[in-house]
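Student: Data file structure-v9.cif (mmCIF, C-alpha atoms) is appended below.
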data_protein
loop_
_atom_site.label_atom_id
_atom_site.label_comp_id
_atom_site.auth_asym_id
_atom_site.auth_seq_id
_atom_site.Cartn_x
_atom_site.Cartn_y
_atom_site.Cartn_z
CA MET I 25 107.34 108.32 103.81
CA SER I 26 110.57 107.05 102.34
CA THR I 27 111.20 105.80 98.84
CA CYS I 28 110.52 102.08 98.65
CA VAL I 29 113.08 99.48 97.64
CA VAL I 30 112.71 95.82 96.78
CA LYS I 31 114.43 93.66 99.36
CA SER I 32 116.56 90.79 98.17
CA ASN I 33 114.20 88.16 99.59
CA ASN I 34 111.40 89.44 97.37
CA MET I 35 113.29 89.37 94.08
CA ILE I 36 111.48 86.22 93.00
CA GLU I 37 108.21 88.18 92.63
CA TRP I 38 109.38 91.75 92.28
CA MET I 39 107.02 92.46 89.39
CA SER I 40 104.08 91.09 91.35
CA SER I 41 104.97 93.41 94.24
CA LEU I 42 104.43 96.43 91.98
CA SER I 43 100.66 95.75 92.05
CA GLU I 44 100.34 97.95 95.15
CA PHE I 45 101.59 101.00 93.25
CA SER I 46 98.82 102.11 90.90
CA LYS I 47 100.89 104.81 89.21
CA ILE I 48 103.25 102.26 87.67
CA LEU I 49 100.72 99.75 86.36
CA ASP I 50 99.90 101.61 83.14
CA ILE I 51 103.48 102.60 82.37
CA PRO I 52 104.81 100.81 79.24
CA LEU I 53 107.40 98.15 79.95
CA THR I 54 109.72 100.16 77.70
CA GLN I 55 109.88 102.74 80.50
CA LEU I 56 110.50 100.33 83.37
CA ALA I 57 113.95 99.25 84.56
CA ILE I 58 114.29 95.50 83.99
CA PRO I 59 117.30 93.33 84.92
CA GLY I 60 118.72 91.14 82.18
CA SER I 61 121.55 88.65 81.77
CA HIS I 62 124.12 88.76 78.97
CA ASN I 63 124.63 85.44 77.19
CA SER I 64 122.07 83.97 79.54
CA GLY I 65 122.72 80.32 78.69
CA THR I 66 126.46 80.20 79.28
CA PHE I 67 126.35 78.92 82.87
CA THR I 68 127.03 75.48 81.42
CA LEU I 69 129.29 75.18 78.39
CA ASP I 70 130.72 71.86 77.29
CA ALA I 71 134.49 72.06 76.73
CA GLY I 72 134.46 68.37 75.81
CA GLU I 73 132.34 69.04 72.74
CA ARG I 74 133.28 70.57 69.43
CA ILE I 75 133.43 74.35 69.05
CA ALA I 76 130.02 75.85 68.28
CA PRO I 77 129.38 77.63 64.97
CA GLY I 78 129.93 81.36 65.11
CA ALA I 79 133.05 81.06 67.25
CA LEU I 80 135.87 83.52 66.68
CA PRO I 81 138.40 82.35 64.02
CA PHE I 82 141.31 82.21 66.45
CA VAL I 83 139.18 80.11 68.81
CA GLU I 84 138.52 77.58 66.07
CA THR I 85 142.23 77.49 65.21
CA LEU I 86 143.31 76.83 68.81
CA ALA I 87 140.60 74.25 69.46
CA SER I 88 141.36 72.27 66.31
CA ASN I 89 145.05 71.93 67.14
CA PRO I 90 145.57 68.21 67.92
CA THR I 91 148.19 68.94 70.58
CA ILE I 92 146.69 71.80 72.57
CA GLY I 93 143.02 71.49 71.53
CA PRO I 94 141.62 70.13 74.84
CA MET I 95 143.56 72.66 76.92
CA ALA I 96 142.58 75.46 74.53
CA LYS I 97 138.88 74.62 74.86
CA ALA I 98 139.15 74.74 78.65
CA ILE I 99 140.66 78.23 78.37
CA ILE I 100 138.00 79.25 75.85
CA ARG I 101 135.31 78.08 78.23
CA GLY I 102 136.67 80.30 80.98
CA TRP I 103 136.29 83.34 78.75
CA ALA I 104 132.97 82.30 77.18
CA VAL I 105 131.04 81.70 80.42
CA CYS I 106 129.17 84.93 81.18
CA GLN I 107 126.78 83.66 83.88
CA THR I 108 127.17 81.31 86.82
CA LEU I 109 123.47 81.06 87.70
CA ASN I 110 121.23 78.68 85.76
CA PHE I 111 117.89 79.87 84.42
CA ARG I 112 115.90 78.97 87.52
CA GLN I 113 118.41 80.76 89.72
CA GLN I 114 118.44 83.81 87.45
CA LEU I 115 114.65 84.00 87.56
CA GLU I 116 114.58 83.69 91.35
CA ALA I 117 117.26 86.40 91.60
CA GLY I 118 115.03 88.80 89.65
CA VAL I 119 116.27 88.53 86.05
CA ARG I 120 113.43 89.06 83.57
CA TYR I 121 115.23 89.58 80.24
CA PHE I 122 117.24 86.79 78.63
CA ASP I 123 119.82 87.17 75.87
CA LEU I 124 119.61 83.97 73.81
CA ARG I 125 121.95 82.74 71.08
CA VAL I 126 120.93 79.53 69.33
CA ALA I 127 122.99 77.01 67.38
CA ARG I 128 122.27 73.74 65.63
CA LYS I 129 124.62 70.93 66.57
CA PRO I 130 125.60 68.69 63.64
CA GLY I 131 124.38 65.14 64.00
CA THR I 132 121.34 66.02 66.12
CA GLU I 133 117.95 67.61 65.60
CA ASP I 134 118.22 69.48 68.90
CA LEU I 135 118.91 73.20 69.16
CA TYR I 136 121.27 74.53 71.82
CA LEU I 137 122.15 77.85 73.36
CA ALA I 138 125.75 78.62 72.49
CA HIS I 139 128.66 81.01 72.93
CA GLN I 140 131.88 79.65 71.45
CA LEU I 141 130.86 76.27 72.95
CA TYR I 142 127.51 74.51 73.26
CA GLY I 143 125.36 75.17 76.32
CA PRO I 144 121.97 73.79 77.38
CA LYS I 145 119.29 72.44 75.07
CA VAL I 146 116.67 75.02 74.18
CA THR I 147 113.92 72.58 75.19
CA ASP I 148 115.36 72.26 78.71
CA VAL I 149 115.51 76.04 79.06
CA ILE I 150 111.93 76.56 77.91
CA GLU I 151 110.70 73.87 80.29
CA THR I 152 112.33 75.72 83.19
CA LEU I 153 110.82 79.04 82.13
CA CYS I 154 107.34 77.56 81.75
CA GLN I 155 107.46 76.03 85.22
CA PHE I 156 108.51 79.32 86.80
CA LEU I 157 105.73 81.25 85.05
CA LYS I 158 103.19 78.71 86.19
CA GLU I 159 104.31 79.18 89.79
CA HIS I 160 104.44 82.99 89.54
CA PRO I 161 101.54 84.16 87.34
CA HIS I 162 102.26 87.89 87.68
CA GLU I 163 105.90 87.71 86.61
CA ILE I 164 106.74 88.63 83.01
CA ILE I 165 109.77 87.54 81.01
CA LEU I 166 111.32 88.92 77.84
CA LEU I 167 113.11 86.44 75.58
CA ASP I 168 115.47 87.90 72.99
CA PHE I 169 116.57 85.39 70.37
CA ASN I 170 119.20 87.50 68.58
CA HIS I 171 122.01 85.31 67.23
CA PHE I 172 121.56 82.15 65.18
CA TYR I 173 124.23 79.74 64.00
CA GLY I 174 124.02 76.89 61.51
CA MET I 175 120.26 77.29 61.16
CA ASP I 176 118.24 77.11 57.95
CA LEU I 177 114.69 78.34 57.42
CA GLU I 178 113.26 75.01 58.60
CA HIS I 179 115.14 75.32 61.91
CA HIS I 180 113.81 78.84 62.50
CA ILE I 181 110.26 77.71 61.83
CA GLN I 182 110.82 74.66 64.05
CA LEU I 183 112.02 76.85 66.91
CA VAL I 184 109.30 79.50 66.67
CA THR I 185 106.59 76.87 66.33
CA TYR I 186 107.96 75.11 69.41
CA LEU I 187 108.01 78.35 71.43
CA ILE I 188 104.42 79.08 70.50
CA SER I 189 103.30 75.57 71.42
CA GLN I 190 105.00 75.72 74.83
CA PHE I 191 104.07 79.23 75.97
CA ASP I 192 100.71 79.16 74.17
CA SER I 193 98.25 81.70 75.63
CA LEU I 194 100.93 83.31 77.80
CA ILE I 195 102.50 84.97 74.75
CA CYS I 196 101.91 88.68 74.20
CA HIS I 197 101.26 89.05 70.47
CA ARG I 198 103.08 91.69 68.46
CA CYS I 199 101.64 95.13 69.05
CA ASP I 200 102.64 98.74 69.61
CA THR I 201 105.17 98.55 72.43
CA LYS I 202 103.56 101.48 74.27
CA ASN I 203 100.55 99.24 74.87
CA ILE I 204 102.54 96.62 76.78
CA THR I 205 101.97 97.48 80.43
CA LEU I 206 101.86 95.46 83.62
CA GLN I 207 98.14 96.10 83.93
CA ARG I 208 97.37 94.90 80.42
CA MET I 209 99.62 91.85 80.70
CA TRP I 210 98.01 90.84 83.99
CA GLU I 211 94.45 91.44 82.79
CA GLU I 212 95.03 89.37 79.64
CA LYS I 213 97.07 86.74 81.54
CA LYS I 214 100.13 87.27 79.36
CA GLN I 215 103.62 86.60 80.71
CA VAL I 216 105.98 86.26 77.76
CA VAL I 217 107.31 88.75 75.22
CA ILE I 218 109.37 87.07 72.50
CA PHE I 219 111.82 88.98 70.31
CA TYR I 220 113.10 86.97 67.36
CA GLN I 221 115.65 88.86 65.34
CA HIS I 222 115.56 86.98 62.07
CA GLY I 223 113.44 88.05 59.13
CA SER I 224 112.43 84.55 58.09
CA VAL I 225 109.70 84.28 60.74
CA GLU I 226 108.25 87.79 60.74
CA ASP I 227 104.85 86.44 59.65
CA PHE I 228 104.33 84.87 63.08
CA GLU I 229 102.18 87.38 64.96
CA GLU I 230 103.28 85.88 68.27
CA ILE I 231 106.77 87.35 68.00
CA PHE I 232 108.22 90.84 68.04
CA THR I 233 110.72 91.64 65.30
CA SER I 234 114.08 93.39 65.57
CA GLU I 235 112.29 96.70 64.93
CA SER I 236 110.81 96.48 68.44
CA ILE I 237 114.10 96.36 70.32
CA SER I 238 117.50 98.00 70.15
CA SER I 239 120.62 96.65 71.82
CA PRO I 240 123.69 98.78 71.01
CA TRP I 241 126.96 97.02 71.79
CA PRO I 242 129.71 99.17 73.34
CA ASN I 243 132.31 96.68 72.03
CA THR I 244 135.22 97.84 74.16
CA ALA I 245 137.51 96.37 76.79
CA ASP I 246 138.02 99.78 78.38
CA SER I 247 135.72 100.62 81.32
CA THR I 248 135.92 104.41 80.88
CA GLN I 249 135.09 104.18 77.21
CA CYS I 250 132.25 101.75 77.90
CA LEU I 251 130.61 104.14 80.37
CA GLN I 252 131.00 107.02 77.92
CA VAL I 253 129.32 105.01 75.17
CA LEU I 254 126.45 104.00 77.47
CA GLU I 255 126.00 107.59 78.62
CA THR I 256 125.79 108.79 75.03
CA ILE I 257 123.34 106.07 73.99
CA HIS I 258 120.97 106.58 76.87
CA SER I 259 121.06 110.36 76.85
CA ARG I 260 119.32 110.05 73.47
CA ALA I 261 117.00 107.22 74.45
CA GLN I 262 113.40 107.26 73.27
CA ASP I 263 110.43 105.26 74.53
CA GLU I 264 109.19 103.88 71.21
CA LYS I 265 110.94 100.53 71.53
CA PHE I 266 112.66 98.37 74.10
CA LEU I 267 116.24 99.52 74.66
CA VAL I 268 118.93 97.26 76.09
CA CYS I 269 121.78 98.76 78.07
CA GLN I 270 124.69 96.38 77.53
CA GLY I 271 126.78 96.90 80.63
CA VAL I 272 129.52 94.55 79.51
CA LEU I 273 133.20 94.79 78.70
CA THR I 274 134.40 92.81 75.70
CA PRO I 275 137.85 91.24 75.95
CA THR I 276 140.02 91.41 72.86
CA ASP I 277 141.81 88.42 71.35
CA GLY I 278 144.98 89.75 72.93
CA THR I 279 143.32 90.00 76.33
CA ILE I 280 142.34 86.34 76.20
CA ILE I 281 145.70 85.13 74.93
CA ALA I 282 147.55 87.17 77.56
CA GLY I 283 145.19 85.97 80.27
CA MET I 284 145.17 82.25 79.62
CA LEU I 285 145.24 81.53 83.35
CA CYS I 286 142.44 84.03 83.97
CA ASN I 287 138.76 84.01 82.97
CA LEU I 288 135.99 86.48 82.18
CA LYS I 289 134.63 86.58 85.73
CA ILE I 290 137.98 87.48 87.26
CA TRP I 291 138.87 89.91 84.46
CA SER I 292 135.55 91.79 84.69
CA SER I 293 135.28 91.82 88.50
CA SER I 294 136.58 95.39 88.81
CA TRP I 295 134.12 96.55 86.17
CA THR I 296 130.97 95.44 87.97
CA PRO I 297 131.16 97.96 90.87
CA LEU I 298 131.85 100.77 88.37
CA PHE I 299 128.83 99.80 86.31
CA ASN I 300 126.64 99.49 89.41
CA SER I 301 127.71 102.96 90.54
CA TRP I 302 126.90 104.34 87.09
CA ILE I 303 123.43 102.75 87.21
CA GLN I 304 122.70 104.54 90.47
CA THR I 305 124.24 107.95 89.71
CA SER I 306 124.12 108.56 85.96
CA LYS I 307 121.98 111.46 84.77
CA THR I 308 120.57 109.05 82.18
CA ASN I 309 119.40 106.39 84.67
CA SER I 310 115.82 107.63 84.44
CA ARG I 311 115.84 106.36 80.86
CA LEU I 312 117.34 102.95 81.45
CA ASN I 313 115.06 100.14 80.33
CA ILE I 314 116.55 96.65 80.04
CA VAL I 315 119.91 96.55 81.80
CA LEU I 316 122.07 93.49 81.28
CA ALA I 317 125.42 92.39 82.59
CA ASP I 318 127.75 89.45 82.88
CA PHE I 319 127.46 87.57 86.18
CA ILE I 320 124.30 89.53 86.88
CA GLU I 321 124.08 88.39 90.50
CA SER I 322 127.29 90.26 91.38
CA ASP I 323 127.51 93.42 93.50
CA ASN I 324 123.73 93.77 94.03
CA LEU I 325 123.30 94.77 90.39
CA ILE I 326 119.81 93.31 90.15
CA GLN I 327 118.57 95.20 93.17
CA SER I 328 120.07 98.45 91.88
CA ILE I 329 118.27 98.02 88.55
CA ILE I 330 114.89 97.17 90.06
CA ASN I 331 115.10 100.00 92.57
CA LEU I 332 115.42 102.53 89.74
CA ASN I 333 111.67 102.05 89.30
CA PHE I 334 110.96 103.28 92.82
CA THR I 335 113.04 106.43 92.51
CA ARG I 336 111.93 107.06 88.93
CA PHE I 337 108.23 106.97 89.72
CA ASP I 338 108.58 108.22 93.30
CA LEU I 339 107.01 105.11 94.77
CA LYS I 340 106.66 105.32 98.53
CA SER I 341 106.58 102.57 101.11
#
Mind turning this structure into structure tokens?
Tutor:
Amino acid sequence: MSTCVVKSNNMIEWMSSLSEFSKILDIPLTQLAIPGSHNSGTFTLDAGERIAPGALPFVETLASNPTIGPMAKAIIRGWAVCQTLNFRQQLEAGVRYFDLRVARKPGTEDLYLAHQLYGPKVTDVIETLCQFLKEHPHEIILLDFNHFYGMDLEHHIQLVTYLISQFDSLICHRCDTKNITLQRMWEEKKQVVIFYQHGSVEDFEEIFTSESISSPWPNTADSTQCLQVLETIHSRAQDEKFLVCQGVLTPTDGTIIAGMLCNLKIWSSSWTPLFNSWIQTSKTNSRLNIVLADFIESDNLIQSIINLNFTRFDLKS
């Protein structure tokens, strides 16, 4: 019998398909390989709007220039967009971890996902996620709210209260991460794990705090250095918490200025095959947990990540 792989047409319910392999059902989710998207909500960024809070200083300077502001924001958008698939498309492609950065827009009570510019409303995103979970009751998603801009305590409470009201009984309450398994989630009809990395809402038992997840940032524009950093991080990986492998290159200010006619997708296109190869061949790949990338649909990355589970646990077709 050969090692099994998930075919691309089954990505929409790849977690559900694991039900036929009993040896994986009681493995903590911290030990599974789970595809994730970096800056998940950047598939739509509004270059016609003001710059979002938290933007880099040089971005704010360029965008506020009355002469070149509109052109500058178009360039900024090209480097700020990290995904081309919307949330529904990401879910159907197999993504189960979402990297979420939230900002308050002045003049409105709505909260938005943001990265240099404003993206979709949080309420629209959650509606999409809820609908998908309803249609696929054995799929599990991990939501990581990790950057917040222009938000006071009342906005944090507003957001967490809203999340709880929408996901309701589907939320896995805070617990020891080693107890979060597919079997337990399915038996208890739970589908959502929420990480909220801001101390102001730690009293909400429905959320996991920053102590439950680690997401080291390589913070380099150099592909060789990035792989070396990832190798070092994951050679020391433990199973006590969720660990995010950030397979992303980070352009410098100079990179962006020099590449005004370029964009992040073009600039990072040569990186994606290197990262995919590393996922499949690294000596540390048996320890990879959440693996995220820009333009996650590229180069069969999602399939490579999911298939780690079959080789890791010797699952046979």
Student: For Gly65 of chain I, which residue among I:Ala245, I:Leu167, I:Ile195, I:Ile181 is the nearest when counting only C-alpha atoms?
Tutor: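 Answer, going by the shortest atom-to-atom distance: I:Leu167.
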Student: Atom CA of Pro81 of chain I to atom CA of Phe122 of chain I: how many Å, to one decimal?
Tutor: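 The value is 26.1 Å.
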Student: Specify as a PyMOL selection string each residue included when the PyMOL selection byres ((chain I and resi 117) around 12) is applied to this file.
Tutor: chain I and resi 30-38+59-61+109-116+118-121+319-322+324-327+330
Student: Please, what distance in Å, to one decimal, runs between atom CA of Lys158 of chain I and atom CA of Asp192 of chain I?
Tutor: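 So the answer is 12.3 Å.
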Student: Which residues are near Glu151 of chain I? Cut-off 12 Å, all atoms listed in the file, ignore same chain within fewer than 2 positions. Put them as a list in words.
Tutor: Phe111, Arg112, Pro144, Lys145, Val146, Thr147, Asp148, Val149, Leu153, Cys154, Gln155, Phe156, Leu157, Lys158, Tyr186, Leu187, Ser189, Gln190 and Phe191 of chain I
Student: I:Leu206, I:Cys250, I:Leu141, I:Leu312: which is nearest Ser41 of chain I, counting only C-alpha atoms?
Tutor: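 Selected residue with least distance to Ser41 of chain I: I:Leu206.
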Student: Quick one: pull the distance between atom CA of Leu56 of chain I and atom CA of Leu316 of chain I, Å, one decimal.
Tutor: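 One can read the atom CA of Leu56 of chain I to atom CA of Leu316 of chain I distance as 13.6 Å.
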Student: From the list I:Met39, I:Ile48, I:Ile100, I:Cys28, which residue is nearest Met284 of chain I when using all atoms listed in the file?
Tutor: I:Ile100
Student: Selection in question (the file shown): the PyMOL selection byres ((chain I and resi 234) around 7). Which residues does it include, as a list in words?
Tutor: Phe219, Tyr220, Gln221, Phe232, Thr233, Glu235, Ser236 and Ile237 of chain I
Student: Starting from the displayed file, determine the output of the PyMOL selection byres ((chain I and resi 264) around 12) and express the residue list as a compact mmCIF listing (two decimals) with C-alpha atoms, keeping the file's coordinate frame.
Tutor:
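Result saved to selection_13.txt:
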# COMPACT_ATOMS: atom_id res chain seq x y z
CA PRO I 52 104.81 100.81 79.24
CA LEU I 53 107.40 98.15 79.95
CA THR I 54 109.72 100.16 77.70
CA GLN I 55 109.88 102.74 80.50
CA CYS I 199 101.64 95.13 69.05
CA ASP I 200 102.64 98.74 69.61
CA THR I 201 105.17 98.55 72.43
CA LYS I 202 103.56 101.48 74.27
CA ASN I 203 100.55 99.24 74.87
CA ILE I 204 102.54 96.62 76.78
CA GLU I 235 112.29 96.70 64.93
CA SER I 236 110.81 96.48 68.44
CA ILE I 237 114.10 96.36 70.32
CA SER I 238 117.50 98.00 70.15
CA ALA I 261 117.00 107.22 74.45
CA GLN I 262 113.40 107.26 73.27
CA ASP I 263 110.43 105.26 74.53
CA LYS I 265 110.94 100.53 71.53
CA PHE I 266 112.66 98.37 74.10
CA LEU I 267 116.24 99.52 74.66
CA ARG I 311 115.84 106.36 80.86
CA ASN I 313 115.06 100.14 80.33
Student: May I have the residues within 12 Å of Thr68 of chain I as a ChimeraX atom specification, using all atoms listed in the file and disregarding those fewer than 4 positions away in the same chain?
Tutor: /I:63-64,72,101-102,104-111,136-145,149
Student: Which residue gives the smallest distance to Val83 of chain I among I:Ala282, I:Ile99, I:Arg336, I:Phe169, with only C-alpha atoms counted?
Tutor: I:Ile99
Student: Using all atoms listed in the file, what residues lie at most 9 Å away from (128.7, 102.5, 73.1) (file coordinates), given as an MDAnalysis selection string?
Tutor: chainID I and resid 240:244 249:257 270
Student: Compile the contact shell of Glu84 of chain I as an MDAnalysis selection string: residues with an atom at most 12 Å away, counting all atoms listed in the file, same-chain residues fewer than 5 positions apart removed.
Tutor: chainID I and resid 74:79 89:90 92:94 96:97 100 140:141
Student: Output segment 151-162 of chain I with all heavy atoms present, as a PDB file, in the coordinates of the input.
Tutor:
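Below is the file that was written, out_0.pdb:
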ATOM      1  N   GLU I 151     111.406  74.609  79.243  1.00  0.00           N
ATOM      2  CA  GLU I 151     110.700  73.870  80.290  1.00  0.00           C
ATOM      3  C   GLU I 151     110.859  74.555  81.645  1.00  0.00           C
ATOM      4  O   GLU I 151     109.894  74.686  82.411  1.00  0.00           O
ATOM      5  CB  GLU I 151     111.226  72.441  80.353  1.00  0.00           C
ATOM      6  CG  GLU I 151     110.531  71.565  81.385  1.00  0.00           C
ATOM      7  CD  GLU I 151     111.068  70.141  81.397  1.00  0.00           C
ATOM      8  OE1 GLU I 151     111.531  69.672  80.344  1.00  0.00           O
ATOM      9  OE2 GLU I 151     111.019  69.508  82.474  1.00  0.00           O
ATOM     10  N   THR I 152     112.071  75.011  81.940  1.00  0.00           N
ATOM     11  CA  THR I 152     112.330  75.720  83.190  1.00  0.00           C
ATOM     12  C   THR I 152     111.550  77.026  83.258  1.00  0.00           C
ATOM     13  O   THR I 152     110.950  77.359  84.297  1.00  0.00           O
ATOM     14  CB  THR I 152     113.841  76.025  83.326  1.00  0.00           C
ATOM     15  OG1 THR I 152     114.563  74.794  83.388  1.00  0.00           O
ATOM     16  CG2 THR I 152     114.127  76.842  84.578  1.00  0.00           C
ATOM     17  N   LEU I 153     111.546  77.770  82.167  1.00  0.00           N
ATOM     18  CA  LEU I 153     110.820  79.040  82.130  1.00  0.00           C
ATOM     19  C   LEU I 153     109.319  78.833  82.315  1.00  0.00           C
ATOM     20  O   LEU I 153     108.665  79.565  83.073  1.00  0.00           O
ATOM     21  CB  LEU I 153     111.089  79.763  80.809  1.00  0.00           C
ATOM     22  CG  LEU I 153     112.539  80.172  80.526  1.00  0.00           C
ATOM     23  CD1 LEU I 153     112.665  80.756  79.126  1.00  0.00           C
ATOM     24  CD2 LEU I 153     113.033  81.175  81.564  1.00  0.00           C
ATOM     25  N   CYS I 154     108.776  77.845  81.648  1.00  0.00           N
ATOM     26  CA  CYS I 154     107.340  77.560  81.750  1.00  0.00           C
ATOM     27  C   CYS I 154     106.947  77.220  83.182  1.00  0.00           C
ATOM     28  O   CYS I 154     105.905  77.668  83.680  1.00  0.00           O
ATOM     29  CB  CYS I 154     106.956  76.418  80.809  1.00  0.00           C
ATOM     30  SG  CYS I 154     106.883  76.860  79.066  1.00  0.00           S
ATOM     31  N   GLN I 155     107.758  76.421  83.844  1.00  0.00           N
ATOM     32  CA  GLN I 155     107.460  76.030  85.220  1.00  0.00           C
ATOM     33  C   GLN I 155     107.466  77.242  86.138  1.00  0.00           C
ATOM     34  O   GLN I 155     106.599  77.390  87.004  1.00  0.00           O
ATOM     35  CB  GLN I 155     108.473  74.992  85.700  1.00  0.00           C
ATOM     36  CG  GLN I 155     108.198  74.457  87.100  1.00  0.00           C
ATOM     37  CD  GLN I 155     106.853  73.768  87.221  1.00  0.00           C
ATOM     38  OE1 GLN I 155     106.409  73.070  86.297  1.00  0.00           O
ATOM     39  NE2 GLN I 155     106.169  73.946  88.346  1.00  0.00           N
ATOM     40  N   PHE I 156     108.439  78.114  85.967  1.00  0.00           N
ATOM     41  CA  PHE I 156     108.510  79.320  86.800  1.00  0.00           C
ATOM     42  C   PHE I 156     107.283  80.204  86.587  1.00  0.00           C
ATOM     43  O   PHE I 156     106.690  80.717  87.550  1.00  0.00           O
ATOM     44  CB  PHE I 156     109.778  80.112  86.484  1.00  0.00           C
ATOM     45  CG  PHE I 156     109.897  81.392  87.269  1.00  0.00           C
ATOM     46  CD1 PHE I 156     110.426  81.395  88.551  1.00  0.00           C
ATOM     47  CD2 PHE I 156     109.480  82.597  86.721  1.00  0.00           C
ATOM     48  CE1 PHE I 156     110.528  82.566  89.277  1.00  0.00           C
ATOM     49  CE2 PHE I 156     109.581  83.782  87.442  1.00  0.00           C
ATOM     50  CZ  PHE I 156     110.105  83.767  88.722  1.00  0.00           C
ATOM     51  N   LEU I 157     106.892  80.398  85.342  1.00  0.00           N
ATOM     52  CA  LEU I 157     105.730  81.250  85.050  1.00  0.00           C
ATOM     53  C   LEU I 157     104.450  80.664  85.624  1.00  0.00           C
ATOM     54  O   LEU I 157     103.576  81.401  86.098  1.00  0.00           O
ATOM     55  CB  LEU I 157     105.603  81.439  83.534  1.00  0.00           C
ATOM     56  CG  LEU I 157     106.747  82.199  82.859  1.00  0.00           C
ATOM     57  CD1 LEU I 157     106.551  82.221  81.353  1.00  0.00           C
ATOM     58  CD2 LEU I 157     106.864  83.624  83.401  1.00  0.00           C
ATOM     59  N   LYS I 158     104.352  79.363  85.605  1.00  0.00           N
ATOM     60  CA  LYS I 158     103.190  78.710  86.190  1.00  0.00           C
ATOM     61  C   LYS I 158     103.122  78.971  87.690  1.00  0.00           C
ATOM     62  O   LYS I 158     102.034  79.196  88.245  1.00  0.00           O
ATOM     63  CB  LYS I 158     103.259  77.202  85.920  1.00  0.00           C
ATOM     64  CG  LYS I 158     102.066  76.413  86.459  1.00  0.00           C
ATOM     65  CD  LYS I 158     102.212  74.930  86.114  1.00  0.00           C
ATOM     66  CE  LYS I 158     101.049  74.116  86.659  1.00  0.00           C
ATOM     67  NZ  LYS I 158     101.190  72.670  86.328  1.00  0.00           N
ATOM     68  N   GLU I 159     104.259  78.972  88.349  1.00  0.00           N
ATOM     69  CA  GLU I 159     104.310  79.180  89.790  1.00  0.00           C
ATOM     70  C   GLU I 159     104.157  80.649  90.183  1.00  0.00           C
ATOM     71  O   GLU I 159     103.743  80.953  91.310  1.00  0.00           O
ATOM     72  CB  GLU I 159     105.657  78.662  90.332  1.00  0.00           C
ATOM     73  CG  GLU I 159     105.846  77.162  90.163  1.00  0.00           C
ATOM     74  CD  GLU I 159     107.281  76.729  90.447  1.00  0.00           C
ATOM     75  OE1 GLU I 159     108.081  77.597  90.865  1.00  0.00           O
ATOM     76  OE2 GLU I 159     107.595  75.544  90.236  1.00  0.00           O
ATOM     77  N   HIS I 160     104.456  81.550  89.237  1.00  0.00           N
ATOM     78  CA  HIS I 160     104.440  82.990  89.540  1.00  0.00           C
ATOM     79  C   HIS I 160     103.690  83.728  88.427  1.00  0.00           C
ATOM     80  O   HIS I 160     104.300  84.344  87.545  1.00  0.00           O
ATOM     81  CB  HIS I 160     105.868  83.512  89.686  1.00  0.00           C
ATOM     82  CG  HIS I 160     106.686  82.735  90.662  1.00  0.00           C
ATOM     83  ND1 HIS I 160     106.576  82.900  92.033  1.00  0.00           N
ATOM     84  CD2 HIS I 160     107.619  81.760  90.471  1.00  0.00           C
ATOM     85  CE1 HIS I 160     107.403  82.078  92.644  1.00  0.00           C
ATOM     86  NE2 HIS I 160     108.050  81.368  91.726  1.00  0.00           N
ATOM     87  N   PRO I 161     102.368  83.689  88.461  1.00  0.00           N
ATOM     88  CA  PRO I 161     101.540  84.160  87.340  1.00  0.00           C
ATOM     89  C   PRO I 161     101.552  85.660  87.074  1.00  0.00           C
ATOM     90  O   PRO I 161     101.006  86.093  86.058  1.00  0.00           O
ATOM     91  CB  PRO I 161     100.136  83.684  87.724  1.00  0.00           C
ATOM     92  CG  PRO I 161     100.173  83.518  89.207  1.00  0.00           C
ATOM     93  CD  PRO I 161     101.555  83.062  89.529  1.00  0.00           C
ATOM     94  N   HIS I 162     102.175  86.460  87.940  1.00  0.00           N
ATOM     95  CA  HIS I 162     102.260  87.890  87.680  1.00  0.00           C
ATOM     96  C   HIS I 162     103.667  88.333  87.274  1.00  0.00           C
ATOM     97  O   HIS I 162     103.925  89.531  87.127  1.00  0.00           O
ATOM     98  CB  HIS I 162     101.799  88.696  88.897  1.00  0.00           C
ATOM     99  CG  HIS I 162     100.311  88.766  89.025  1.00  0.00           C
ATOM    100  ND1 HIS I 162      99.636  88.404  90.175  1.00  0.00           N
ATOM    101  CD2 HIS I 162      99.361  89.132  88.138  1.00  0.00           C
ATOM    102  CE1 HIS I 162      98.340  88.551  89.985  1.00  0.00           C
ATOM    103  NE2 HIS I 162      98.146  88.990  88.755  1.00  0.00           N
TER     104      HIS I 162
END
